[in-house]
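Down below is the structure, laid out as structure tokens.
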Amino acid sequence: MQEKNYTMKDAMIFSQRIAQLSKALWKAAEKDWQQWIKPFDLNINEHHILWIAYHLNGASISDVAKFGVMHVSTAFNFSKKLEERGLLSFSKKEHDKRNTYIQITLEGESILLELMEQYDPANNSVLSGTLPTRELYGKFPDMMEMMAIIRNIYGEDFMGIFERSFDNIDKEFTVEEGKIAKKKSEKETEAV
């Protein structure tokens, strides 16, 4: 049996500190997120599913549940609502009839891209809360320790998808006239 190098009191204080800080941060993040997506008649689960479908470019409902940190029935039910609105399509794979897969539609991608264009940092309290730290240190707060905790809880697959989505944004998007915009493909650039 491995010997503990912490006290019971230290463990309890750390657990409660994480729980209370996480709840406070989530409340602010949730409010910011809801405010951002409200004009598009989406809720957080629906937006998150569109985000996952876009970045995974075809995901099973199980993948959506796993990477969206939601129950499979929640992932399915909200995906179904998005399908009814024409933002997702459902399919089965020839080699995998047991799983249901989703694919973002052109309309779904259009809404997701418009949402990104409409992002306004001034309306984000969590971002505003980090600005004094950014001013002091010249960068946003590091997330390495938090990411290490999440990696140990949810695993490498989760963190891989997490990082892929942000790498995709970094590679596929730019800022034009103060707004986030998808980079034009070579064909689109040549046509202009």
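By order in the structure tokens, chains are A, B, ...; within a chain, residues start at 1; ligands start at 1, following the order shown.
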
Leaving out segment 126-142 of chain A and any residue of its chain fewer than 6 positions from it, which residues lie within 10 Å of it when counting only C-alpha atoms, given as a list of chain:residue names?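 The neighbour list is A:Leu25, A:Trp26, A:Lys27, A:Ala28, A:Ala29, A:Glu30, A:Lys31, A:Asp32.
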
Selection file, N, CA and C atoms, as an mmCIF file, in the first residue's frame:
data_model
loop_
_atom_site.group_PDB
_atom_site.id
_atom_site.type_symbol
_atom_site.label_atom_id
_atom_site.label_comp_id
_atom_site.auth_asym_id
_atom_site.auth_seq_id
_atom_site.Cartn_x
_atom_site.Cartn_y
_atom_site.Cartn_z
ATOM 1 N N LEU A 25 -16.285 29.647 -10.613
ATOM 2 C CA LEU A 25 -15.809 29.893 -11.975
ATOM 3 C C LEU A 25 -16.827 29.388 -12.993
ATOM 4 N N TRP A 26 -17.402 28.202 -12.751
ATOM 5 C CA TRP A 26 -18.398 27.673 -13.675
ATOM 6 C C TRP A 26 -19.604 28.586 -13.762
ATOM 7 N N LYS A 27 -20.059 29.129 -12.640
ATOM 8 C CA LYS A 27 -21.233 30.006 -12.651
ATOM 9 C C LYS A 27 -20.988 31.203 -13.563
ATOM 10 N N ALA A 28 -19.802 31.806 -13.450
ATOM 11 C CA ALA A 28 -19.463 32.946 -14.310
ATOM 12 C C ALA A 28 -19.314 32.504 -15.764
ATOM 13 N N ALA A 29 -18.623 31.384 -15.992
ATOM 14 C CA ALA A 29 -18.424 30.887 -17.359
ATOM 15 C C ALA A 29 -19.764 30.521 -18.001
ATOM 16 N N GLU A 30 -20.636 29.890 -17.224
ATOM 17 C CA GLU A 30 -21.950 29.505 -17.731
ATOM 18 C C GLU A 30 -22.752 30.736 -18.152
ATOM 19 N N LYS A 31 -22.735 31.759 -17.336
ATOM 20 C CA LYS A 31 -23.464 32.995 -17.655
ATOM 21 C C LYS A 31 -22.900 33.639 -18.921
ATOM 22 N N ASP A 32 -21.567 33.705 -19.009
ATOM 23 C CA ASP A 32 -20.924 34.259 -20.211
ATOM 24 C C ASP A 32 -21.312 33.447 -21.449
#

Could you pull out all residues of segment 58-189 of chain A with a DSSP call of alpha helix (DSSP H) and give them as a CSV table (one decimal) with N, CA and C atoms, in the first residue's frame?
chain,number,residue,atom,x,y,z
A,61,ILE,N,-22.2,9.4,-30.9
A,61,ILE,CA,-22.9,9.9,-29.8
A,61,ILE,C,-22.1,9.7,-28.5
A,62,SER,N,-21.5,8.5,-28.5
A,62,SER,CA,-20.6,8.2,-27.3
A,62,SER,C,-19.4,9.1,-27.2
A,63,ASP,N,-18.8,9.5,-28.4
A,63,ASP,CA,-17.7,10.5,-28.4
A,63,ASP,C,-18.2,11.8,-27.9
A,64,VAL,N,-19.4,12.2,-28.4
A,64,VAL,CA,-20.0,13.5,-27.9
A,64,VAL,C,-20.2,13.5,-26.4
A,65,ALA,N,-20.8,12.4,-25.9
A,65,ALA,CA,-21.0,12.3,-24.5
A,65,ALA,C,-19.7,12.4,-23.7
A,66,LYS,N,-18.7,11.7,-24.2
A,66,LYS,CA,-17.4,11.6,-23.5
A,66,LYS,C,-16.7,13.0,-23.5
A,67,PHE,N,-16.6,13.6,-24.7
A,67,PHE,CA,-15.9,14.9,-24.8
A,67,PHE,C,-16.7,16.1,-24.4
A,68,GLY,N,-18.0,15.9,-24.4
A,68,GLY,CA,-18.9,17.0,-23.9
A,68,GLY,C,-19.2,16.9,-22.4
A,72,VAL,N,-24.9,10.0,-22.1
A,72,VAL,CA,-25.1,9.6,-23.4
A,72,VAL,C,-26.6,10.0,-23.9
A,73,SER,N,-27.5,9.9,-23.0
A,73,SER,CA,-28.9,10.3,-23.3
A,73,SER,C,-29.0,11.8,-23.5
A,74,THR,N,-28.3,12.5,-22.8
A,74,THR,CA,-28.2,14.0,-22.9
A,74,THR,C,-27.6,14.3,-24.3
A,75,ALA,N,-26.5,13.7,-24.6
A,75,ALA,CA,-25.9,13.9,-25.9
A,75,ALA,C,-26.8,13.6,-27.1
A,76,PHE,N,-27.5,12.4,-26.9
A,76,PHE,CA,-28.4,12.0,-28.0
A,76,PHE,C,-29.6,13.0,-28.1
A,77,ASN,N,-30.3,13.3,-27.0
A,77,ASN,CA,-31.5,14.1,-27.0
A,77,ASN,C,-31.2,15.5,-27.6
A,78,PHE,N,-30.1,16.1,-27.2
A,78,PHE,CA,-29.8,17.5,-27.7
A,78,PHE,C,-29.3,17.4,-29.1
A,79,SER,N,-28.6,16.3,-29.5
A,79,SER,CA,-28.2,16.1,-30.9
A,79,SER,C,-29.5,16.0,-31.8
A,80,LYS,N,-30.5,15.3,-31.3
A,80,LYS,CA,-31.7,15.1,-32.0
A,80,LYS,C,-32.4,16.4,-32.3
A,81,LYS,N,-32.4,17.3,-31.2
A,81,LYS,CA,-33.0,18.6,-31.4
A,81,LYS,C,-32.2,19.4,-32.5
A,82,LEU,N,-30.9,19.3,-32.5
A,82,LEU,CA,-30.1,20.0,-33.5
A,82,LEU,C,-30.4,19.4,-34.9
A,83,GLU,N,-30.6,18.1,-35.0
A,83,GLU,CA,-30.9,17.5,-36.3
A,83,GLU,C,-32.3,18.0,-36.8
A,84,GLU,N,-33.3,18.2,-35.9
A,84,GLU,CA,-34.6,18.7,-36.2
A,84,GLU,C,-34.5,20.1,-36.8
A,106,LEU,N,-24.0,22.1,-43.2
A,106,LEU,CA,-23.5,23.4,-43.6
A,106,LEU,C,-24.2,24.5,-42.8
A,107,GLU,N,-25.5,24.4,-42.5
A,107,GLU,CA,-26.2,25.3,-41.7
A,107,GLU,C,-25.7,25.4,-40.3
A,108,GLY,N,-25.4,24.2,-39.8
A,108,GLY,CA,-24.8,24.1,-38.4
A,108,GLY,C,-23.4,24.8,-38.4
A,109,GLU,N,-22.6,24.5,-39.4
A,109,GLU,CA,-21.3,25.1,-39.4
A,109,GLU,C,-21.4,26.6,-39.6
A,110,SER,N,-22.3,27.1,-40.4
A,110,SER,CA,-22.6,28.5,-40.6
A,110,SER,C,-22.9,29.2,-39.3
A,111,ILE,N,-23.8,28.6,-38.5
A,111,ILE,CA,-24.1,29.2,-37.2
A,111,ILE,C,-22.9,29.2,-36.3
A,112,LEU,N,-22.2,28.1,-36.2
A,112,LEU,CA,-21.0,28.0,-35.4
A,112,LEU,C,-20.0,29.1,-35.8
A,113,LEU,N,-19.8,29.3,-37.1
A,113,LEU,CA,-18.8,30.3,-37.5
A,113,LEU,C,-19.3,31.7,-37.2
A,114,GLU,N,-20.6,31.9,-37.4
A,114,GLU,CA,-21.2,33.2,-37.1
A,114,GLU,C,-21.1,33.5,-35.6
A,115,LEU,N,-21.3,32.5,-34.7
A,115,LEU,CA,-21.1,32.6,-33.3
A,115,LEU,C,-19.6,33.1,-33.0
A,116,MET,N,-18.7,32.5,-33.7
A,116,MET,CA,-17.3,32.9,-33.4
A,116,MET,C,-17.1,34.3,-33.8
A,117,GLU,N,-17.7,34.7,-35.0
A,117,GLU,CA,-17.5,36.1,-35.4
A,117,GLU,C,-18.2,37.1,-34.5
A,118,GLN,N,-19.2,36.6,-33.8
A,118,GLN,CA,-19.9,37.5,-32.9
A,118,GLN,C,-19.3,37.6,-31.5
A,125,SER,N,-17.1,37.9,-18.5
A,125,SER,CA,-16.6,38.2,-17.2
A,125,SER,C,-15.4,37.4,-16.8
A,126,VAL,N,-15.3,36.2,-17.2
A,126,VAL,CA,-14.1,35.3,-16.9
A,126,VAL,C,-12.9,35.9,-17.6
A,127,LEU,N,-13.0,36.3,-18.8
A,127,LEU,CA,-11.9,36.9,-19.5
A,127,LEU,C,-11.5,38.2,-18.8
A,128,SER,N,-12.5,39.0,-18.4
A,128,SER,CA,-12.2,40.3,-17.7
A,128,SER,C,-11.5,40.0,-16.4
A,129,GLY,N,-11.9,39.0,-15.7
A,129,GLY,CA,-11.2,38.6,-14.5
A,129,GLY,C,-9.8,38.2,-14.6
A,130,THR,N,-9.4,37.8,-15.8
A,130,THR,CA,-8.0,37.5,-16.0
A,130,THR,C,-7.1,38.6,-16.5
A,131,LEU,N,-7.7,39.7,-17.0
A,131,LEU,CA,-7.0,40.8,-17.5
A,131,LEU,C,-5.9,41.4,-16.6
A,132,PRO,N,-6.2,41.6,-15.3
A,132,PRO,CA,-5.2,42.1,-14.4
A,132,PRO,C,-3.9,41.2,-14.4
A,133,THR,N,-4.1,39.9,-14.4
A,133,THR,CA,-3.0,39.0,-14.4
A,133,THR,C,-2.3,39.1,-15.8
A,134,ARG,N,-3.0,39.3,-16.9
A,134,ARG,CA,-2.4,39.4,-18.2
A,134,ARG,C,-1.5,40.7,-18.2
A,135,GLU,N,-2.1,41.8,-17.7
A,135,GLU,CA,-1.3,43.0,-17.6
A,135,GLU,C,-0.1,42.9,-16.8
A,136,LEU,N,-0.2,42.2,-15.7
A,136,LEU,CA,1.0,42.1,-14.8
A,136,LEU,C,2.1,41.2,-15.4
A,137,TYR,N,1.7,40.0,-16.0
A,137,TYR,CA,2.7,39.0,-16.4
A,137,TYR,C,2.8,39.0,-18.0
A,144,MET,N,-1.8,24.8,-17.1
A,144,MET,CA,-1.1,23.5,-17.1
A,144,MET,C,-1.5,22.7,-15.9
A,145,GLU,N,-1.6,23.2,-14.7
A,145,GLU,CA,-1.9,22.4,-13.6
A,145,GLU,C,-3.4,21.9,-13.6
A,146,MET,N,-4.3,22.8,-14.1
A,146,MET,CA,-5.7,22.4,-14.2
A,146,MET,C,-5.8,21.3,-15.3
A,147,MET,N,-5.1,21.5,-16.4
A,147,MET,CA,-5.1,20.5,-17.5
A,147,MET,C,-4.6,19.2,-17.0
A,148,ALA,N,-3.6,19.2,-16.2
A,148,ALA,CA,-3.0,18.0,-15.6
A,148,ALA,C,-4.0,17.2,-14.7
A,149,ILE,N,-4.8,18.0,-14.0
A,149,ILE,CA,-5.8,17.4,-13.1
A,149,ILE,C,-6.9,16.8,-14.0
A,150,ILE,N,-7.3,17.5,-15.0
A,150,ILE,CA,-8.4,17.0,-16.0
A,150,ILE,C,-7.8,15.8,-16.7
A,151,ARG,N,-6.6,15.8,-17.1
A,151,ARG,CA,-6.0,14.6,-17.8
A,151,ARG,C,-6.0,13.4,-17.0
A,152,ASN,N,-5.7,13.6,-15.7
A,152,ASN,CA,-5.7,12.4,-14.7
A,152,ASN,C,-7.1,11.9,-14.5
A,153,ILE,N,-8.1,12.8,-14.6
A,153,ILE,CA,-9.5,12.3,-14.4
A,153,ILE,C,-10.1,11.7,-15.6
A,154,TYR,N,-10.0,12.4,-16.8
A,154,TYR,CA,-10.7,12.0,-18.0
A,154,TYR,C,-9.8,11.3,-19.0
A,156,GLU,N,-6.1,10.8,-21.7
A,156,GLU,CA,-5.4,11.4,-22.8
A,156,GLU,C,-6.4,11.7,-24.0
A,157,ASP,N,-7.3,10.8,-24.2
A,157,ASP,CA,-8.2,11.0,-25.4
A,157,ASP,C,-9.0,12.3,-25.2
A,158,PHE,N,-9.5,12.5,-24.0
A,158,PHE,CA,-10.2,13.8,-23.7
A,158,PHE,C,-9.3,15.0,-24.0
A,159,MET,N,-8.1,15.0,-23.5
A,159,MET,CA,-7.2,16.1,-23.6
A,159,MET,C,-6.8,16.2,-25.1
A,160,GLY,N,-6.7,15.1,-25.8
A,160,GLY,CA,-6.3,15.2,-27.2
A,160,GLY,C,-7.4,16.0,-28.0
A,161,ILE,N,-8.6,15.6,-27.8
A,161,ILE,CA,-9.7,16.3,-28.5
A,161,ILE,C,-9.8,17.8,-28.0
A,162,PHE,N,-9.6,18.0,-26.7
A,162,PHE,CA,-9.6,19.4,-26.2
A,162,PHE,C,-8.5,20.2,-26.9
A,163,GLU,N,-7.3,19.7,-27.0
A,163,GLU,CA,-6.2,20.4,-27.7
A,163,GLU,C,-6.5,20.6,-29.2
A,164,ARG,N,-7.0,19.5,-29.8
A,164,ARG,CA,-7.3,19.5,-31.3
A,164,ARG,C,-8.2,20.7,-31.6
A,165,SER,N,-9.3,20.9,-30.8
A,165,SER,CA,-10.2,21.9,-31.1
A,165,SER,C,-9.6,23.3,-31.1
A,166,PHE,N,-8.7,23.5,-30.2
A,166,PHE,CA,-8.0,24.8,-30.1
A,166,PHE,C,-6.9,25.0,-31.2
A,167,ASP,N,-6.3,23.9,-31.5
A,167,ASP,CA,-5.3,23.9,-32.6
A,167,ASP,C,-6.0,24.2,-33.9
A,168,ASN,N,-7.2,23.6,-34.1
A,168,ASN,CA,-8.0,23.9,-35.3
A,168,ASN,C,-8.3,25.3,-35.4
A,169,ILE,N,-8.7,25.9,-34.4
A,169,ILE,CA,-9.1,27.4,-34.4
A,169,ILE,C,-7.8,28.2,-34.7
A,170,ASP,N,-6.7,27.8,-34.1
A,170,ASP,CA,-5.5,28.5,-34.4
A,170,ASP,C,-5.1,28.4,-35.9
A,171,LYS,N,-5.2,27.3,-36.5
A,171,LYS,CA,-4.8,27.0,-37.9
A,171,LYS,C,-5.9,27.6,-38.9
A,172,GLU,N,-7.2,27.4,-38.6
A,172,GLU,CA,-8.2,27.7,-39.6
A,172,GLU,C,-8.9,29.0,-39.5
A,186,GLU,N,-7.6,28.1,-50.5
A,186,GLU,CA,-6.8,28.6,-51.6
A,186,GLU,C,-7.7,28.9,-52.8
A,187,LYS,N,-8.7,28.0,-53.0
A,187,LYS,CA,-9.7,28.2,-54.1
A,187,LYS,C,-10.4,29.5,-54.0
A,188,GLU,N,-10.9,29.8,-52.7
A,188,GLU,CA,-11.6,31.1,-52.5
A,188,GLU,C,-10.7,32.3,-52.6
A,189,THR,N,-9.4,32.2,-52.2
A,189,THR,CA,-8.5,33.3,-52.4
A,189,THR,C,-8.2,33.5,-53.8

Let's see if you can do this: from backbone DSSP, list all strand (DSSP E) residues in segment 100-185 of chain A, as an MDAnalysis selection string. chainID A and resid 100:104 173:176 179:182
